[in-house]
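Dumped model-v7.txt below, it's compact mmCIF, C-alpha atoms:
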```txt
# COMPACT_ATOMS: atom_id res chain seq x y z
CA MET A 1 60.58 -37.66 -52.49
CA PRO A 2 57.30 -37.87 -50.51
CA PRO A 3 56.81 -35.03 -48.01
CA ALA A 4 56.84 -37.31 -44.94
CA ALA A 5 60.12 -38.93 -45.98
CA ASP A 6 61.61 -35.53 -46.65
CA VAL A 7 60.68 -34.37 -43.14
CA ASP A 8 62.13 -37.52 -41.56
CA SER A 9 65.40 -37.19 -43.46
CA SER A 10 65.60 -33.51 -42.55
CA ARG A 11 65.15 -34.32 -38.85
CA ALA A 12 67.77 -37.05 -38.93
CA ASP A 13 70.16 -34.81 -40.81
CA LEU A 14 69.69 -31.95 -38.35
CA ALA A 15 70.27 -34.28 -35.40
CA ALA A 16 73.48 -35.62 -36.95
CA ASN A 17 74.64 -32.14 -37.80
CA ARG A 18 74.13 -30.92 -34.24
CA ALA A 19 75.86 -33.98 -32.78
CA ALA A 20 78.95 -33.10 -34.80
CA ASP A 21 78.79 -29.32 -34.51
CA GLY A 22 77.84 -28.65 -30.90
CA PRO A 23 76.33 -29.82 -27.62
CA ALA A 24 73.49 -32.30 -27.96
CA ARG A 25 69.99 -31.22 -27.10
CA ALA A 26 66.62 -32.91 -27.13
CA PRO A 27 65.27 -33.24 -30.67
CA LEU A 28 62.28 -31.09 -31.56
CA ARG A 29 59.20 -32.88 -32.86
CA ALA A 30 58.31 -30.81 -35.91
CA PRO A 31 55.05 -31.39 -37.73
CA ALA A 32 55.14 -32.79 -41.24
CA THR A 33 55.13 -29.46 -43.09
CA PRO A 34 57.37 -28.01 -45.79
CA PHE A 35 58.96 -25.80 -43.13
CA ALA A 36 59.86 -28.61 -40.72
CA TRP A 37 63.53 -27.69 -41.16
CA PHE A 38 62.78 -24.20 -39.78
CA ARG A 39 60.75 -25.48 -36.83
CA ALA A 40 63.67 -27.73 -35.87
CA LEU A 41 66.01 -24.75 -35.46
CA SER A 42 66.77 -23.40 -32.01
CA ARG A 43 65.68 -19.91 -30.95
CA VAL A 44 69.15 -18.49 -31.59
CA GLU A 45 69.32 -20.16 -35.00
CA LYS A 46 65.95 -18.67 -35.92
CA ILE A 47 67.19 -15.22 -34.89
CA THR A 48 70.24 -15.87 -37.07
CA PHE A 49 68.03 -16.74 -40.04
CA TRP A 50 65.88 -13.62 -39.71
CA SER A 51 68.85 -11.31 -39.19
CA CYS A 52 70.49 -12.77 -42.31
CA TYR A 53 67.18 -12.47 -44.16
CA GLY A 54 66.90 -8.82 -43.14
CA GLY A 55 70.45 -8.16 -44.31
CA VAL A 56 69.79 -9.74 -47.70
CA ALA A 57 66.53 -7.80 -48.10
CA LEU A 58 68.18 -4.49 -47.19
CA ASP A 59 71.05 -5.26 -49.54
CA ALA A 60 68.60 -5.83 -52.39
CA MET A 61 66.55 -2.76 -51.49
CA ASP A 62 69.56 -0.44 -51.49
CA LEU A 63 70.88 -1.92 -54.74
CA ARG A 64 67.63 -1.96 -56.69
CA ILE A 65 66.14 1.28 -55.42
CA PHE A 66 68.45 3.11 -57.82
CA SER A 67 66.77 1.54 -60.84
CA PHE A 68 63.48 3.32 -60.04
CA LEU A 69 65.24 6.68 -59.88
CA MET A 70 67.05 6.48 -63.21
CA PRO A 71 64.42 8.40 -65.26
CA ALA A 72 64.20 11.11 -62.55
CA LEU A 73 67.99 11.49 -62.41
CA MET A 74 68.27 11.69 -66.21
CA LYS A 75 65.72 14.49 -66.16
CA ALA A 76 67.11 16.33 -63.13
CA TRP A 77 70.75 16.38 -64.25
CA HIS A 78 70.25 16.13 -68.03
CA VAL A 79 72.39 13.01 -68.40
CA SER A 80 72.17 10.23 -70.99
CA PRO A 81 71.12 6.60 -70.38
CA ALA A 82 74.77 5.59 -70.79
CA GLN A 83 75.85 7.99 -68.02
CA VAL A 84 73.16 6.70 -65.69
CA GLY A 85 74.19 3.16 -66.62
CA PHE A 86 77.74 3.91 -65.55
CA LEU A 87 76.42 5.42 -62.32
CA GLY A 88 74.62 2.14 -61.63
CA SER A 89 77.72 0.17 -62.55
CA ALA A 90 79.91 2.14 -60.13
CA ALA A 91 78.25 0.48 -57.15
CA LEU A 92 78.58 -2.94 -58.76
CA TYR A 93 82.29 -2.46 -59.53
CA ALA A 94 82.90 -1.45 -55.90
CA ALA A 95 80.76 -4.37 -54.74
CA ALA A 96 83.12 -6.74 -56.52
CA ALA A 97 86.06 -5.53 -54.45
CA GLY A 98 84.03 -5.11 -51.27
CA GLY A 99 82.51 -8.55 -51.59
CA TRP A 100 85.84 -10.33 -51.81
CA ILE A 101 87.25 -8.33 -48.90
CA THR A 102 84.15 -9.18 -46.85
CA GLY A 103 84.70 -12.85 -47.66
CA LEU A 104 88.30 -12.66 -46.48
CA LEU A 105 87.15 -10.95 -43.28
CA GLY A 106 84.56 -13.68 -42.85
CA ASP A 107 87.21 -16.42 -43.01
CA TRP A 108 89.70 -14.51 -40.86
CA PHE A 109 87.50 -12.92 -38.16
CA GLY A 110 84.05 -14.51 -38.46
CA ARG A 111 80.92 -14.52 -40.60
CA VAL A 112 78.92 -12.33 -38.20
CA LYS A 113 81.57 -9.60 -37.87
CA ALA A 114 81.84 -9.38 -41.64
CA MET A 115 78.06 -8.96 -41.96
CA GLN A 116 78.00 -6.18 -39.36
CA PHE A 117 80.73 -4.34 -41.27
CA THR A 118 78.85 -4.47 -44.57
CA ILE A 119 75.50 -3.23 -43.31
CA VAL A 120 77.01 -0.15 -41.64
CA ILE A 121 78.72 0.89 -44.88
CA TYR A 122 75.86 0.42 -47.33
CA SER A 123 73.14 1.84 -45.07
CA LEU A 124 75.15 4.97 -44.28
CA PHE A 125 76.09 5.77 -47.86
CA THR A 126 72.62 5.07 -49.20
CA PHE A 127 71.46 7.77 -46.80
CA LEU A 128 74.24 10.17 -47.82
CA SER A 129 73.38 9.70 -51.51
CA GLY A 130 70.23 11.72 -50.83
CA PHE A 131 72.35 14.82 -50.14
CA ALA A 132 74.30 14.71 -53.43
CA THR A 133 74.16 17.96 -55.41
CA SER A 134 75.95 16.75 -58.54
CA TYR A 135 76.50 13.68 -60.67
CA ASP A 136 80.07 13.36 -59.35
CA GLN A 137 79.00 13.41 -55.70
CA LEU A 138 76.38 10.75 -56.26
CA PHE A 139 78.96 8.70 -58.16
CA VAL A 140 81.27 8.73 -55.09
CA CYS A 141 78.45 7.84 -52.68
CA ARG A 142 77.21 5.01 -54.88
CA THR A 143 80.74 3.63 -55.19
CA ILE A 144 81.33 3.50 -51.43
CA GLN A 145 77.82 2.14 -50.88
CA GLY A 146 78.61 -0.67 -53.29
CA PHE A 147 81.72 -1.52 -51.33
CA GLY A 148 79.47 -2.23 -48.36
CA PHE A 149 76.67 -4.26 -49.91
CA GLY A 150 79.04 -6.38 -51.99
CA GLY A 151 79.54 -9.01 -49.31
CA GLU A 152 76.25 -9.03 -47.44
CA ILE A 153 74.50 -11.84 -49.27
CA THR A 154 77.57 -14.10 -49.43
CA ALA A 155 78.30 -13.73 -45.72
CA GLY A 156 74.66 -14.50 -44.95
CA VAL A 157 74.37 -17.61 -47.13
CA VAL A 158 77.64 -19.05 -45.80
CA LEU A 159 76.55 -18.47 -42.20
CA MET A 160 73.17 -20.11 -42.81
CA ALA A 161 74.66 -23.00 -44.80
CA GLU A 162 76.93 -23.85 -41.87
CA ILE A 163 74.04 -23.92 -39.39
CA VAL A 164 71.52 -26.21 -41.08
CA GLY A 165 71.83 -29.88 -42.00
CA ASP A 166 72.97 -31.29 -45.33
CA ARG A 167 69.55 -32.38 -46.63
CA SER A 168 67.81 -29.13 -45.68
CA ARG A 169 70.55 -26.72 -46.76
CA GLY A 170 69.02 -25.97 -50.14
CA LYS A 171 65.69 -25.07 -48.57
CA ALA A 172 67.20 -22.92 -45.82
CA VAL A 173 69.64 -20.97 -48.01
CA GLY A 174 67.17 -20.70 -50.88
CA CYS A 175 64.48 -19.30 -48.57
CA LEU A 176 67.07 -16.91 -47.16
CA GLN A 177 67.82 -15.63 -50.66
CA SER A 178 64.13 -14.89 -51.20
CA GLY A 179 64.95 -11.80 -49.15
CA VAL A 180 66.24 -10.36 -52.44
CA ALA A 181 62.67 -10.33 -53.78
CA ALA A 182 61.36 -8.85 -50.52
CA GLY A 183 63.94 -6.07 -50.70
CA TRP A 184 63.15 -5.39 -54.33
CA ALA A 185 59.42 -5.13 -53.53
CA LEU A 186 60.20 -2.76 -50.66
CA ALA A 187 62.28 -0.62 -53.02
CA ALA A 188 59.39 -0.52 -55.50
CA ILE A 189 56.90 0.52 -52.82
CA ILE A 190 59.12 3.25 -51.34
CA ALA A 191 60.17 4.65 -54.72
CA SER A 192 56.65 4.58 -56.17
CA LEU A 193 55.14 6.35 -53.15
CA ALA A 194 57.87 8.98 -53.09
CA LEU A 195 57.73 9.69 -56.83
CA ALA A 196 53.92 9.81 -56.79
CA CYS A 197 53.49 11.96 -53.66
CA LEU A 198 56.51 14.27 -53.65
CA PRO A 199 57.91 16.78 -56.16
CA GLU A 200 60.35 14.95 -58.44
CA TRP A 201 63.33 17.10 -57.40
CA VAL A 202 63.03 15.96 -53.77
CA ALA A 203 61.44 12.52 -54.27
CA TRP A 204 64.63 10.76 -55.34
CA ARG A 205 66.45 12.24 -52.33
CA ALA A 206 63.78 10.98 -49.93
CA VAL A 207 64.10 7.50 -51.41
CA PHE A 208 67.83 7.43 -50.66
CA TRP A 209 67.28 8.80 -47.15
CA SER A 210 64.97 5.90 -46.35
CA GLY A 211 67.91 3.49 -46.59
CA ILE A 212 69.28 4.30 -43.12
CA ALA A 213 66.38 3.32 -40.84
CA PRO A 214 66.16 -0.47 -41.34
CA GLY A 215 69.93 -0.81 -41.07
CA LEU A 216 69.96 0.59 -37.54
CA LEU A 217 67.40 -2.00 -36.43
CA LEU A 218 69.29 -4.88 -38.02
CA ILE A 219 72.55 -3.92 -36.31
CA ALA A 220 70.78 -4.24 -32.95
CA ILE A 221 69.31 -7.65 -33.84
CA ARG A 222 72.70 -9.04 -34.84
CA ARG A 223 74.04 -8.59 -31.32
CA TYR A 224 72.35 -11.94 -30.57
CA VAL A 225 73.88 -13.87 -33.49
CA ASP A 226 76.88 -16.15 -32.91
CA GLU A 227 79.39 -17.86 -35.21
CA PRO A 228 78.57 -21.43 -36.34
CA GLU A 229 80.34 -24.30 -34.53
CA ILE A 230 81.91 -25.67 -37.71
CA TYR A 231 83.66 -22.33 -38.27
CA LYS A 232 84.85 -22.14 -34.65
CA GLU A 233 86.37 -25.62 -34.89
CA GLN A 234 88.14 -24.79 -38.15
CA ARG A 235 89.56 -21.59 -36.61
CA GLU A 236 90.90 -23.51 -33.61
CA GLN A 237 92.58 -26.04 -35.88
CA ALA A 238 94.08 -23.29 -38.02
CA ILE A 239 95.52 -21.55 -34.97
CA THR A 240 96.87 -24.83 -33.58
CA HIS A 241 98.65 -25.65 -36.84
CA ALA A 242 99.59 -22.04 -37.67
CA ALA A 243 97.76 -22.46 -40.96
CA ARG A 244 95.73 -19.31 -41.29
CA MET A 245 93.89 -18.93 -44.58
CA LYS A 246 95.86 -17.06 -47.28
CA ILE A 247 94.36 -14.79 -49.91
CA HIS A 248 95.60 -17.02 -52.72
CA ASP A 249 94.25 -20.28 -51.26
CA ILE A 250 91.19 -20.23 -53.52
CA PHE A 251 93.56 -20.43 -56.52
CA ARG A 252 95.59 -23.38 -55.30
CA PRO A 253 95.40 -26.78 -57.08
CA GLY A 254 92.21 -28.60 -56.23
CA VAL A 255 90.27 -25.38 -55.61
CA ALA A 256 91.17 -23.20 -58.61
CA ARG A 257 88.85 -25.03 -61.02
CA THR A 258 85.94 -24.61 -58.62
CA THR A 259 86.77 -20.92 -58.24
CA PHE A 260 86.79 -20.39 -62.00
CA LEU A 261 83.57 -22.26 -62.74
CA THR A 262 81.60 -20.76 -59.84
CA THR A 263 82.72 -17.32 -60.99
CA LEU A 264 81.49 -18.11 -64.50
CA LEU A 265 78.15 -19.25 -63.09
CA ALA A 266 77.83 -16.15 -60.91
CA LEU A 267 78.68 -13.94 -63.88
CA GLY A 268 75.88 -15.42 -65.97
CA VAL A 269 73.27 -15.38 -63.20
CA GLN A 270 74.04 -11.82 -62.09
CA SER A 271 74.45 -10.31 -65.56
CA SER A 272 70.94 -11.39 -66.48
CA GLY A 273 69.35 -10.75 -63.08
CA LEU A 274 70.93 -7.35 -62.49
CA GLY A 275 70.38 -6.33 -66.08
CA ILE A 276 66.65 -7.01 -65.78
CA SER A 277 66.24 -5.48 -62.31
CA THR A 278 68.27 -2.37 -63.22
CA TRP A 279 66.80 -1.61 -66.63
CA LEU A 280 63.24 -2.95 -66.44
CA PRO A 281 61.75 0.20 -64.79
CA ALA A 282 63.40 2.39 -67.44
CA TYR A 283 62.18 0.00 -70.17
CA LEU A 284 58.61 0.17 -68.89
CA THR A 285 58.76 3.96 -68.62
CA MET A 286 60.54 4.79 -71.88
CA SER A 287 59.58 1.91 -74.20
CA ARG A 288 56.15 0.91 -72.87
CA HIS A 289 55.28 4.52 -71.83
CA LEU A 290 53.99 3.68 -68.36
CA SER A 291 53.80 6.23 -65.53
CA HIS A 292 56.02 6.06 -62.45
CA GLY A 293 53.13 4.77 -60.35
CA ALA A 294 52.28 2.07 -62.87
CA VAL A 295 55.92 0.99 -63.11
CA GLY A 296 55.97 0.45 -59.35
CA LEU A 297 52.92 -1.82 -59.60
CA TYR A 298 54.43 -3.81 -62.48
CA VAL A 299 57.67 -4.32 -60.59
CA ILE A 300 55.85 -5.36 -57.40
CA VAL A 301 54.03 -8.03 -59.43
CA LEU A 302 57.36 -9.16 -60.88
CA THR A 303 58.90 -9.35 -57.39
CA ALA A 304 55.97 -11.50 -56.25
CA GLY A 305 56.90 -13.92 -59.01
CA ALA A 306 60.54 -13.64 -57.98
CA PHE A 307 59.70 -14.47 -54.37
CA ALA A 308 57.85 -17.59 -55.48
CA GLY A 309 60.78 -18.44 -57.75
CA TYR A 310 63.26 -18.29 -54.88
CA ILE A 311 61.15 -20.52 -52.65
CA ALA A 312 60.50 -23.03 -55.43
CA SER A 313 64.20 -23.09 -56.29
CA ALA A 314 65.03 -23.80 -52.64
CA TYR A 315 62.86 -26.90 -52.57
CA LEU A 316 63.69 -28.09 -56.09
CA ALA A 317 67.41 -27.91 -55.34
CA ASP A 318 66.98 -30.35 -52.45
CA ALA A 319 64.45 -32.54 -54.24
CA ARG A 320 66.03 -32.80 -57.71
CA GLY A 321 69.60 -31.60 -57.32
CA ARG A 322 71.58 -28.39 -57.79
CA ARG A 323 72.40 -28.80 -61.49
CA PRO A 324 68.89 -29.79 -62.73
CA ASN A 325 67.56 -26.81 -60.81
CA PHE A 326 69.78 -24.37 -62.74
CA LEU A 327 68.93 -25.97 -66.09
CA PHE A 328 65.20 -25.68 -65.40
CA TYR A 329 65.43 -22.00 -64.45
CA VAL A 330 67.62 -21.04 -67.42
CA ALA A 331 65.15 -22.57 -69.86
CA GLY A 332 62.24 -20.78 -68.20
CA SER A 333 64.12 -17.46 -68.05
CA LEU A 334 64.94 -17.57 -71.75
CA LEU A 335 61.36 -18.27 -72.86
CA THR A 336 59.68 -15.74 -70.57
CA LEU A 337 62.14 -12.93 -71.36
CA LEU A 338 61.71 -13.44 -75.11
CA ALA A 339 57.94 -13.24 -74.72
CA TYR A 340 58.06 -10.20 -72.40
CA LEU A 341 60.34 -8.09 -74.59
CA CYS A 342 59.37 -9.23 -78.10
CA LEU A 343 55.64 -9.93 -78.14
CA PRO A 344 53.09 -7.11 -78.40
CA MET A 345 51.01 -7.16 -75.21
CA PRO A 346 48.23 -4.99 -73.82
CA PRO A 347 49.05 -3.45 -70.41
CA TRP A 348 47.05 -6.04 -68.43
CA LEU A 349 48.84 -8.95 -70.09
CA LEU A 350 52.23 -7.31 -69.59
CA LEU A 351 51.37 -7.03 -65.90
CA VAL A 352 50.46 -10.72 -65.68
CA ALA A 353 53.57 -11.74 -67.64
CA GLY A 354 55.69 -10.17 -64.91
CA VAL A 355 54.93 -13.14 -62.62
CA PRO A 356 56.66 -15.86 -64.71
CA LEU A 357 59.42 -13.41 -65.71
CA GLY A 358 60.21 -12.73 -62.06
CA PHE A 359 59.81 -16.39 -61.12
CA PHE A 360 62.46 -17.62 -63.56
CA SER A 361 64.84 -14.70 -64.12
CA GLN A 362 65.26 -13.83 -60.44
CA GLY A 363 64.59 -17.31 -59.01
CA LEU A 364 67.73 -18.37 -60.87
CA TYR A 365 69.65 -16.87 -57.94
CA GLY A 366 67.96 -19.22 -55.48
CA GLY A 367 70.27 -22.21 -55.85
CA MET A 368 73.55 -20.33 -56.12
CA GLY A 369 74.39 -19.78 -52.45
CA THR A 370 73.77 -23.41 -51.49
CA PHE A 371 75.78 -24.73 -54.45
CA PHE A 372 78.80 -22.52 -53.74
CA SER A 373 78.81 -23.31 -50.00
CA GLU A 374 78.99 -27.03 -50.78
CA LEU A 375 81.72 -26.68 -53.41
CA PHE A 376 84.27 -24.82 -51.23
CA PRO A 377 85.94 -26.26 -48.07
CA THR A 378 85.33 -24.58 -44.69
CA ALA A 379 88.71 -22.78 -44.54
CA VAL A 380 87.95 -20.82 -47.72
CA ARG A 381 84.16 -21.10 -47.88
CA ALA A 382 83.43 -17.41 -47.27
CA SER A 383 86.32 -16.09 -49.38
CA GLY A 384 85.69 -18.55 -52.24
CA THR A 385 81.96 -17.91 -52.31
CA SER A 386 82.39 -14.14 -52.05
CA PHE A 387 85.08 -14.11 -54.75
CA ALA A 388 82.78 -15.95 -57.16
CA TYR A 389 79.87 -13.65 -56.38
CA SER A 390 82.07 -10.54 -56.53
CA ALA A 391 83.99 -11.34 -59.69
CA GLY A 392 80.70 -12.32 -61.30
CA ARG A 393 79.20 -9.03 -60.14
CA LEU A 394 82.17 -7.17 -61.62
CA GLY A 395 81.40 -8.65 -65.02
CA ALA A 396 77.70 -8.05 -64.46
CA ALA A 397 78.42 -4.38 -63.81
CA SER A 398 79.94 -4.15 -67.26
CA GLY A 399 76.84 -5.84 -68.64
CA VAL A 400 74.56 -3.28 -66.97
CA ALA A 401 76.61 -0.45 -68.48
CA PHE A 402 76.71 -2.20 -71.87
CA VAL A 403 72.90 -2.30 -71.97
CA GLY A 404 72.95 1.49 -71.70
CA VAL A 405 75.49 1.78 -74.51
CA LEU A 406 73.55 -0.56 -76.83
CA ALA A 407 70.28 1.19 -75.98
CA HIS A 408 71.48 4.30 -77.85
CA GLY A 409 71.24 2.57 -81.19
CA TYR A 410 68.84 -0.34 -80.65
CA GLY A 411 66.58 0.58 -77.73
CA ILE A 412 66.51 -0.75 -74.18
CA GLY A 413 64.53 -3.92 -74.98
CA PRO A 414 66.84 -5.38 -77.68
CA ALA A 415 69.93 -4.34 -75.71
CA LEU A 416 68.70 -6.06 -72.56
CA LEU A 417 67.75 -9.19 -74.48
CA ALA A 418 71.20 -9.48 -76.10
CA VAL A 419 73.05 -9.24 -72.77
CA CYS A 420 70.71 -11.76 -71.10
CA LEU A 421 71.05 -14.32 -73.90
CA LEU A 422 74.83 -14.30 -73.55
CA SER A 423 74.46 -14.60 -69.77
CA TYR A 424 72.29 -17.71 -70.02
CA VAL A 425 74.90 -19.39 -72.22
CA LEU A 426 77.50 -18.84 -69.47
CA VAL A 427 75.16 -20.35 -66.85
CA LEU A 428 74.62 -23.45 -68.97
CA VAL A 429 78.34 -24.00 -69.57
CA ALA A 430 79.28 -23.62 -65.90
CA THR A 431 76.41 -25.80 -64.68
CA LEU A 432 77.34 -28.66 -66.99
CA LEU A 433 81.00 -28.58 -65.89
CA LEU A 434 80.43 -28.40 -62.13
CA PRO A 435 79.67 -31.55 -60.05
CA GLU A 436 76.35 -32.29 -58.36
CA THR A 437 76.55 -31.60 -54.59
CA ARG A 438 73.10 -32.47 -53.24
CA GLY A 439 73.49 -34.11 -49.82
CA ARG A 440 77.20 -33.32 -49.57
CA GLY A 441 78.41 -32.65 -46.02
CA LEU A 442 80.31 -29.44 -45.30
CA ARG A 443 82.95 -31.36 -43.32
```
Could you show the structure in this file as structure tokens?
Amino acid sequence: MPPAADVDSSRADLAANRAADGPARAPLRAPATPFAWFRALSRVEKITFWSCYGGVALDAMDLRIFSFLMPALMKAWHVSPAQVGFLGSAALYAAAAGGWITGLLGDWFGRVKAMQFTIVIYSLFTFLSGFATSYDQLFVCRTIQGFGFGGEITAGVVLMAEIVGDRSRGKAVGCLQSGVAAGWALAAIIASLALACLPEWVAWRAVFWSGIAPGLLLIAIRRYVDEPEIYKEQREQAITHAARMKIHDIFRPGVARTTFLTTLLALGVQSSGLGISTWLPAYLTMSRHLSHGAVGLYVIVLTAGAFAGYIASAYLADARGRRPNFLFYVAGSLLTLLAYLCLPMPPWLLLVAGVPLGFFSQGLYGGMGTFFSELFPTAVRASGTSFAYSAGRLGAASGVAFVGVLAHGYGIGPALLAVCLLSYVLVLVATLLLPETRGRGLR
């Protein structure tokens, strides 16, 4: 679609959306730019976007910061890769339960309240992880932390999906999910600086302590964020008809198939994405023999590619459709991962190869939030989306641990490749069985 036509359709869609969802206001005359959809948002809606973006970035930072500390923890506590893998999986297992509970809270009490709950939990326990004096204590802190960050991204994408218009939803939610790459880059910068400038025994603690500061700022910002009109209307209707959402509603006829297939899709996307983000620093350190400082640089380059991948996915999903978008990214992920792990490369080429690897392997996430929001009805949108994300993350946690188990006999590279190949098969199967939803209204 030509850019000018895309802008016009986005304006018309936003105007129609606002006419249905809330009081009418004078349309904004946005210039013909790729971000016309953002310029057309009100001040409060822009604050909502940036608060959601900050939550997603902090979620990603707290989750991925652990991956940079794995070699230091193995050395400090004399534990095996499998034990550290299980430590990483603990947060993901808890995130599966916490994510679904957050989704239920989002449908029962509101998207914004659910987001506030999650950020308090994961910021606090990231901070407390820095005081752990044993493997067991860190295991407990990581588990509770995971319970908090499990629902942050799903609550954010549902809230944003319900604010923007149908034809711009892919761009808005996809750009929101680029916060994952921003958070990952922030984790790389913080961890690299700490490990390079501080003694190793205190560096990993300082990295965990850094997780509390941004969360306090974001809590203050979210005081100005309100629930979307479409959710308020659904809540009023539910109260009027005494039809409050039940936990089992996402498994009822007509919704159960969507729940199963979105869970399968989330499992494939997250098993590959989390496997790469969790184990890549250890792979670069232990298999490619890079220093901690160099690993940080390599990961920052990869996150730059990931950021571009998220943004491109956002626009491709609206331009070409949700399903073609997933197929394109799976093909690219497979080819780039094979090249990165299997081909001999000098350090400079390995650094450059991080850009397409990040673009495809992490950009695969970009279309997921939009797709899920359009597949589930309003009454169960948060719980259905969060269940799919969370159940998929539960399986992905097993995949992260399984990489550590396989690495004992085959090395980190072959183990990571095997888990990712299986994950991409799951993404293909789910994508081909789900319907196309581009342009579908949330009502």
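Every protein, DNA or RNA residue with an atom at most 8 Å from A:Gly369, where only C-alpha atoms count and chain neighbours fewer than 2 positions away do not, is listed here: Thr154, Val157, Val158, Val173, Gly174, Gln177, Tyr365, Gly366, Gly367, Phe371, Phe372, Ser373 and Thr385 of chain A.
Between A:Phe66 and the candidates A:Thr118, A:Thr378, A:Ser168, A:Gln145, the tightest atom-to-atom separation, counting all atoms listed in the file, involves A:Gln145.
Counting from atom CA of A:Ala317, the distance to atom CA of A:Gly305 is 17.9 Å.
You can rank A:Ala213, A:Leu357, A:Leu73, A:Leu264 by their closest distance to A:Leu422 using all atoms listed in the file, and at the top of that list sits A:Leu264.
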- [ ] Identify the residues around (73.0, -31.6, -61.6) within a radius of 7 Å, measuring from all atoms listed in the file in the coordinates stated by the file, and give them as a list in words.
- [x] Gly321, Arg322, Arg323, Pro324, Pro435 and Glu436 of chain A
TODO: Considering only C-alpha atoms, state which residue in the set A:Ala191, A:Ile300, A:Cys197, A:Ile311 is at the smallest distance from A:Ile65.
DONE: A:Ala191
TODO: Compare A:Gln270, A:Ser277, A:Gln83, A:Thr258 by their minimum atom-to-atom distance to A:Leu433, counting only C-alpha atoms, and give me the closest one.
DONE: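 Among the listed residues, the smallest separation from A:Leu433 belongs to A:Thr258.
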- [ ] Could you tell me which of A:Pro253, A:Trp348, A:Phe117, A:Gly293 comes closest to A:Leu193 if we count all atoms listed in the file?
- [x]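 When distances to A:Leu193 are compared using all atoms listed in the file, the smallest one comes from A:Gly293.
For A:Ala95, the residues within 6 Å (counting only C-alpha atoms, excluding itself and residues fewer than 4 positions away along the chain) are A:Ala91, A:Gly99, A:Gly146, A:Phe147, A:Gly150.
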- [ ] Quote the spacing between atom CA of A:Ser51 and atom CA of A:Ile250 in Å to one decimal place.
- [x]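 Going from atom CA of A:Ser51 over to atom CA of A:Ile250 covers 28.0 Å.
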- [ ] Quick one: pull the distance between atom CA of A:Tyr53 and atom CA of A:Asp166, Å, one decimal.
- [x] 19.7 Å
Could I get the residues of stretch 153-247 of chain A with an atom no further than 12 Å from an atom of stretch 126-139 of chain A, each paired with its nearest atom pair and that distance in Å to one decimal, using only C-alpha atoms, sorted by chain and residue number, as a Markdown table?
```
| residue | atom | partner | partner_atom | distance |
| --- | --- | --- | --- | --- |
| A:Trp201 | CA | A:Gly130 | CA | 10.9 |
| A:Val202 | CA | A:Gly130 | CA | 8.9 |
| A:Ala203 | CA | A:Gly130 | CA | 9.5 |
| A:Trp204 | CA | A:Gly130 | CA | 7.3 |
| A:Arg205 | CA | A:Gly130 | CA | 4.1 |
| A:Ala206 | CA | A:Gly130 | CA | 6.6 |
| A:Val207 | CA | A:Gly130 | CA | 7.5 |
| A:Phe208 | CA | A:Gly130 | CA | 4.9 |
| A:Trp209 | CA | A:Phe127 | CA | 4.3 |
| A:Ser210 | CA | A:Phe127 | CA | 6.8 |
| A:Gly211 | CA | A:Phe127 | CA | 5.6 |
| A:Ile212 | CA | A:Phe127 | CA | 5.5 |
| A:Ala213 | CA | A:Phe127 | CA | 9.0 |
| A:Pro214 | CA | A:Phe127 | CA | 11.2 |
| A:Gly215 | CA | A:Thr126 | CA | 10.4 |
| A:Leu216 | CA | A:Phe127 | CA | 11.8 |
```
Task: Residues within 8 Å of A:Val120, all atoms listed in the file, excluding chain neighbours under 4 positions, as a ChimeraX atom specification - done: /A:116,124,148,215,219
Emit the selected residues as an mmCIF file, keeping the file's coordinate frame, including C-alpha atoms.
```
data_model
loop_
_atom_site.group_PDB
_atom_site.id
_atom_site.type_symbol
_atom_site.label_atom_id
_atom_site.label_comp_id
_atom_site.auth_asym_id
_atom_site.auth_seq_id
_atom_site.Cartn_x
_atom_site.Cartn_y
_atom_site.Cartn_z
ATOM 1 C CA GLN A 116 78.000 -6.180 -39.360
ATOM 2 C CA LEU A 124 75.150 4.970 -44.280
ATOM 3 C CA GLY A 148 79.470 -2.230 -48.360
ATOM 4 C CA GLY A 215 69.930 -0.810 -41.070
ATOM 5 C CA ILE A 219 72.550 -3.920 -36.310
#
```
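You can rank A:Ala294, A:Leu334, A:Val355, A:Val269 by their closest distance to A:Ala430 using all atoms listed in the file, and at the top of that list sits A:Val269.
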